Amino acid sequence: MNTEFIQALDELVRDRGIDKDVLLETIEQALTSAYKKNFGSAQNVRIDMNRETGDIKVYSQRVVVDESDLYDNFLEIELSEAREINPNYELGDIIEHEVTPGDFGRIAAQTAKQIVVQKIREAEREMTYNEFLEKQDELVTGEISRTSSR
C-alpha cells in the first residue's frame, strides 16, 4: 500500500463520516487474517501499518521461555537462544522478527479494498438506520425508488 491508499482513506473519512482509527484497526485485523490464511501460518503475527505512508510490515512474535518449558518452536523461543539475539532478554519477553512476504503488498491491497467496501456499507446502513430510528412512531411519507425480492 502507499500514500494514495492513505489519501483515499482520508477522503472516505471526510465523505462518509467513518472513524479513521476504526477503519485502520479493522484493516490491520483483516491483514493479520489474510497473512495467516495465505501463508499457512498459525504463528502469532502483528501487522504494523504506518498510518502516514501506508507501508505495511508483518512481524512474528515468540515468547521467551525456559528450555524445559518449550512447547512450540513457532510460538516460543528458548531463553539461551533469545540471549544470543540480545543478552537483555528475560523469561516472558516477546521477541518480534520481521516476516513480511515479498508479495504481501498485493494481497494486503486486495484485502484492504474488500474490508473498506464492507465497512462503508456497514457505516451507511448504520447511518440510515439511525436516521429512521429517530422517526420511530411517526407517520412519514415517501416514494419507493427501488424494490428487491430476497
# chains A, B, ... in the order shown; residues from 1 in each chain; ligands from 1

call {"tool": "residues_around", "arguments": {"residues": "Asn44 of chain A", "least_positions_apart": "5", "cutoff": "7 Å", "atoms": "only C-alpha atoms", "output": "PyMOL selection string"}}
result
chain A and resi 60-61+75

call {"tool": "write_last_selection", "arguments": {"atoms": "N, CA and C atoms", "output": "short mmCIF file (atom, residue, chain, number, x, y, z; two decimals), in the first residue's frame"}}
result
data_model
loop_
_atom_site.label_atom_id
_atom_site.label_comp_id
_atom_site.auth_asym_id
_atom_site.auth_seq_id
_atom_site.Cartn_x
_atom_site.Cartn_y
_atom_site.Cartn_z
N SER A 60 6.53 -11.71 13.24
CA SER A 60 6.15 -12.89 14.02
C SER A 60 6.56 -12.62 15.46
N GLN A 61 5.79 -13.16 16.39
CA GLN A 61 6.04 -12.93 17.81
C GLN A 61 6.28 -14.27 18.49
N LEU A 75 5.85 -20.48 18.37
CA LEU A 75 5.29 -19.50 19.31
C LEU A 75 6.24 -19.15 20.44
#

call {"tool": "residues_around", "arguments": {"residues": "Leu12 of chain A", "least_positions_apart": "2", "cutoff": "12 Å", "atoms": "only C-alpha atoms", "output": "PyMOL selection string"}}
result
chain A and resi 5-10+14-20+23-24+116-117+119-121+123-124

call {"tool": "select_by_dssp", "arguments": {"residues": "segment 58-146 of chain A", "states": "alpha helix (DSSP H)", "output": "VMD selection string"}}
result
chain A and resid 79 to 85 104 to 133

call {"tool": "atom_distance", "arguments": {"atom1": "atom CA of Pro101 of chain A", "atom2": "atom CA of Arg62 of chain A"}}
result
18.1 Å

call {"tool": "atom_distance", "arguments": {"atom1": "atom CA of Met49 of chain A", "atom2": "atom CA of Ile94 of chain A"}}
result
19.4 Å

call {"tool": "atom_distance", "arguments": {"atom1": "atom CA of Thr100 of chain A", "atom2": "atom CA of Ile47 of chain A"}}
result
9.1 Å

call {"tool": "select_by_dssp", "arguments": {"residues": "chain A", "states": "strand (DSSP E or B)", "output": "tab-separated table (two decimals) with all heavy atoms, in the first residue's frame"}}
result
chain	number	residue	atom	x	y	z
A	45	VAL	N	1.27	-13.27	14.82
A	45	VAL	CA	1.83	-12.22	13.98
A	45	VAL	C	1.21	-10.88	14.38
A	45	VAL	O	0.11	-10.82	14.93
A	45	VAL	CB	1.58	-12.46	12.47
A	45	VAL	CG1	2.34	-13.68	12.00
A	45	VAL	CG2	0.14	-12.58	12.15
A	46	ARG	N	1.96	-9.84	14.09
A	46	ARG	CA	1.48	-8.48	14.32
A	46	ARG	C	1.71	-7.71	13.04
A	46	ARG	O	2.78	-7.78	12.44
A	46	ARG	CB	2.25	-7.84	15.48
A	46	ARG	CG	1.81	-6.40	15.78
A	46	ARG	CD	2.59	-5.80	16.94
A	46	ARG	NE	3.98	-5.58	16.64
A	46	ARG	CZ	4.48	-4.53	16.01
A	46	ARG	NH1	3.67	-3.57	15.56
A	46	ARG	NH2	5.77	-4.40	15.79
A	47	ILE	N	0.68	-7.00	12.63
A	47	ILE	CA	0.78	-6.15	11.44
A	47	ILE	C	1.08	-4.73	11.91
A	47	ILE	O	0.42	-4.21	12.80
A	47	ILE	CB	-0.55	-6.16	10.64
A	47	ILE	CG1	-0.94	-7.56	10.21
A	47	ILE	CG2	-0.47	-5.21	9.46
A	47	ILE	CD1	-0.08	-8.17	9.15
A	48	ASP	N	2.07	-4.13	11.29
A	48	ASP	CA	2.40	-2.74	11.59
A	48	ASP	C	2.17	-1.94	10.32
A	48	ASP	O	2.88	-2.13	9.33
A	48	ASP	CB	3.85	-2.62	12.05
A	48	ASP	CG	4.24	-1.19	12.38
A	48	ASP	OD1	3.38	-0.44	12.87
A	48	ASP	OD2	5.41	-0.82	12.14
A	49	MET	N	1.14	-1.09	10.36
A	49	MET	CA	0.84	-0.27	9.19
A	49	MET	C	1.14	1.18	9.55
A	49	MET	O	0.56	1.73	10.48
A	49	MET	CB	-0.64	-0.42	8.79
A	49	MET	CG	-0.97	0.38	7.56
A	49	MET	SD	-2.55	-0.01	6.78
A	49	MET	CE	-3.70	0.15	8.10
A	56	ILE	N	3.41	-1.41	5.07
A	56	ILE	CA	2.98	-2.50	5.95
A	56	ILE	C	4.16	-3.43	6.20
A	56	ILE	O	4.88	-3.80	5.28
A	56	ILE	CB	1.84	-3.29	5.30
A	56	ILE	CG1	0.62	-2.41	5.13
A	56	ILE	CG2	1.49	-4.51	6.14
A	56	ILE	CD1	-0.49	-3.06	4.35
A	57	LYS	N	4.31	-3.80	7.46
A	57	LYS	CA	5.31	-4.81	7.84
A	57	LYS	C	4.61	-5.85	8.70
A	57	LYS	O	3.70	-5.54	9.45
A	57	LYS	CB	6.46	-4.18	8.62
A	57	LYS	CG	7.28	-3.19	7.79
A	57	LYS	CD	8.54	-2.81	8.52
A	57	LYS	CE	9.31	-1.73	7.82
A	57	LYS	NZ	9.92	-2.06	6.60
A	58	VAL	N	5.05	-7.11	8.55
A	58	VAL	CA	4.49	-8.22	9.31
A	58	VAL	C	5.59	-8.75	10.24
A	58	VAL	O	6.72	-8.98	9.79
A	58	VAL	CB	4.01	-9.36	8.39
A	58	VAL	CG1	3.39	-10.49	9.20
A	58	VAL	CG2	3.01	-8.84	7.36
A	59	TYR	N	5.26	-8.92	11.51
A	59	TYR	CA	6.21	-9.42	12.50
A	59	TYR	C	5.67	-10.68	13.15
A	59	TYR	O	4.51	-10.73	13.55
A	59	TYR	CB	6.46	-8.38	13.60
A	59	TYR	CG	7.09	-7.10	13.09
A	59	TYR	CD1	6.32	-6.01	12.74
A	59	TYR	CD2	8.48	-7.01	12.98
A	59	TYR	CE1	6.90	-4.84	12.27
A	59	TYR	CE2	9.07	-5.84	12.51
A	59	TYR	CZ	8.27	-4.77	12.16
A	59	TYR	OH	8.85	-3.62	11.70
A	60	SER	N	6.53	-11.71	13.24
A	60	SER	CA	6.15	-12.89	14.02
A	60	SER	C	6.56	-12.62	15.46
A	60	SER	O	7.54	-11.93	15.72
A	60	SER	CB	6.85	-14.15	13.49
A	60	SER	OG	8.22	-14.11	13.78
A	61	GLN	N	5.79	-13.16	16.39
A	61	GLN	CA	6.04	-12.93	17.81
A	61	GLN	C	6.28	-14.27	18.49
A	61	GLN	O	5.51	-15.21	18.30
A	61	GLN	CB	4.86	-12.22	18.47
A	61	GLN	CG	4.58	-10.86	17.90
A	61	GLN	CD	3.37	-10.20	18.53
A	61	GLN	OE1	2.36	-10.84	18.77
A	61	GLN	NE2	3.48	-8.93	18.82
A	62	ARG	N	7.35	-14.33	19.29
A	62	ARG	CA	7.67	-15.53	20.05
A	62	ARG	C	7.95	-15.14	21.49
A	62	ARG	O	8.63	-14.14	21.75
A	62	ARG	CB	8.88	-16.25	19.45
A	62	ARG	CG	8.59	-16.76	18.03
A	62	ARG	CD	9.82	-17.20	17.30
A	62	ARG	NE	10.40	-18.40	17.89
A	62	ARG	CZ	11.59	-18.88	17.54
A	62	ARG	NH1	12.31	-18.28	16.63
A	62	ARG	NH2	12.05	-19.97	18.11
A	63	VAL	N	7.46	-15.94	22.41
A	63	VAL	CA	7.63	-15.68	23.84
A	63	VAL	C	8.88	-16.40	24.33
A	63	VAL	O	9.11	-17.56	23.99
A	63	VAL	CB	6.40	-16.17	24.64
A	63	VAL	CG1	6.60	-15.95	26.13
A	63	VAL	CG2	5.15	-15.47	24.15
A	64	VAL	N	9.68	-15.72	25.14
A	64	VAL	CA	10.89	-16.32	25.71
A	64	VAL	C	10.47	-17.22	26.88
A	64	VAL	O	9.78	-16.77	27.80
A	64	VAL	CB	11.87	-15.23	26.20
A	64	VAL	CG1	13.10	-15.86	26.86
A	64	VAL	CG2	12.27	-14.31	25.06
A	65	VAL	N	10.87	-18.51	26.79
A	65	VAL	CA	10.53	-19.48	27.84
A	65	VAL	C	11.79	-20.22	28.28
A	65	VAL	O	12.81	-20.22	27.59
A	65	VAL	CB	9.47	-20.50	27.36
A	65	VAL	CG1	8.17	-19.81	27.02
A	65	VAL	CG2	9.98	-21.31	26.19
A	76	GLU	N	7.25	-19.99	20.66
A	76	GLU	CA	8.14	-19.79	21.80
A	76	GLU	C	9.60	-19.91	21.36
A	76	GLU	O	9.90	-20.51	20.34
A	76	GLU	CB	7.85	-20.86	22.88
A	76	GLU	CG	6.43	-20.81	23.39
A	76	GLU	CD	6.07	-22.01	24.26
A	76	GLU	OE1	6.67	-23.10	24.09
A	76	GLU	OE2	5.18	-21.85	25.10
A	77	ILE	N	10.48	-19.35	22.18
A	77	ILE	CA	11.91	-19.42	21.93
A	77	ILE	C	12.60	-19.65	23.27
A	77	ILE	O	12.18	-19.10	24.29
A	77	ILE	CB	12.43	-18.14	21.23
A	77	ILE	CG1	13.90	-18.26	20.88
A	77	ILE	CG2	12.15	-16.91	22.07
A	77	ILE	CD1	14.42	-17.13	19.99
A	78	GLU	N	13.62	-20.49	23.26
A	78	GLU	CA	14.36	-20.77	24.49
A	78	GLU	C	15.12	-19.54	24.94
A	78	GLU	O	15.59	-18.74	24.12
A	78	GLU	CB	15.34	-21.92	24.28
A	78	GLU	CG	14.68	-23.25	24.02
A	78	GLU	CD	15.71	-24.36	23.80
A	78	GLU	OE1	16.92	-24.07	23.79
A	78	GLU	OE2	15.28	-25.51	23.65
A	94	ILE	N	8.69	-10.85	24.75
A	94	ILE	CA	8.22	-11.20	23.41
A	94	ILE	C	9.24	-10.69	22.40
A	94	ILE	O	9.60	-9.51	22.41
A	94	ILE	CB	6.83	-10.60	23.13
A	94	ILE	CG1	5.80	-11.22	24.07
A	94	ILE	CG2	6.44	-10.82	21.67
A	94	ILE	CD1	4.42	-10.65	23.96
A	95	ILE	N	9.68	-11.60	21.55
A	95	ILE	CA	10.65	-11.26	20.51
A	95	ILE	C	9.89	-11.16	19.19
A	95	ILE	O	9.12	-12.06	18.85
A	95	ILE	CB	11.74	-12.33	20.39
A	95	ILE	CG1	12.53	-12.40	21.70
A	95	ILE	CG2	12.66	-12.05	19.21
A	95	ILE	CD1	13.59	-13.48	21.71
A	96	GLU	N	10.13	-10.06	18.48
A	96	GLU	CA	9.49	-9.89	17.17
A	96	GLU	C	10.54	-9.97	16.08
A	96	GLU	O	11.65	-9.46	16.23
A	96	GLU	CB	8.77	-8.55	17.09
A	96	GLU	CG	7.55	-8.48	17.97
A	96	GLU	CD	6.72	-7.24	17.71
A	96	GLU	OE1	7.26	-6.20	17.29
A	96	GLU	OE2	5.51	-7.33	17.93
A	97	HIS	N	10.15	-10.64	14.99
A	97	HIS	CA	11.04	-10.81	13.85
A	97	HIS	C	10.23	-10.49	12.60
A	97	HIS	O	9.13	-11.02	12.42
A	97	HIS	CB	11.56	-12.26	13.81
A	97	HIS	CG	12.37	-12.57	12.61
A	97	HIS	ND1	13.63	-12.06	12.40
A	97	HIS	CD2	12.10	-13.35	11.53
A	97	HIS	CE1	14.10	-12.52	11.25
A	97	HIS	NE2	13.18	-13.29	10.70
A	98	GLU	N	10.77	-9.61	11.74
A	98	GLU	CA	10.01	-9.24	10.53
A	98	GLU	C	9.94	-10.42	9.56
A	98	GLU	O	10.94	-11.06	9.25
A	98	GLU	CB	10.64	-8.04	9.83
A	98	GLU	CG	9.79	-7.59	8.66
A	98	GLU	CD	10.32	-6.36	7.96
A	98	GLU	OE1	11.25	-5.73	8.47
A	98	GLU	OE2	9.78	-6.04	6.89

call {"tool": "closest_residue", "arguments": {"among": "A:Glu4, A:Ala34, A:Asp66, A:Leu133", "to": "Arg83 of chain A", "atoms": "only C-alpha atoms"}}
result
A:Asp66

call {"tool": "closest_residue", "arguments": {"among": "A:Glu131, A:Arg146, A:Ile115, A:Ser68", "to": "Glu28 of chain A", "atoms": "only C-alpha atoms"}}
result
A:Ile115
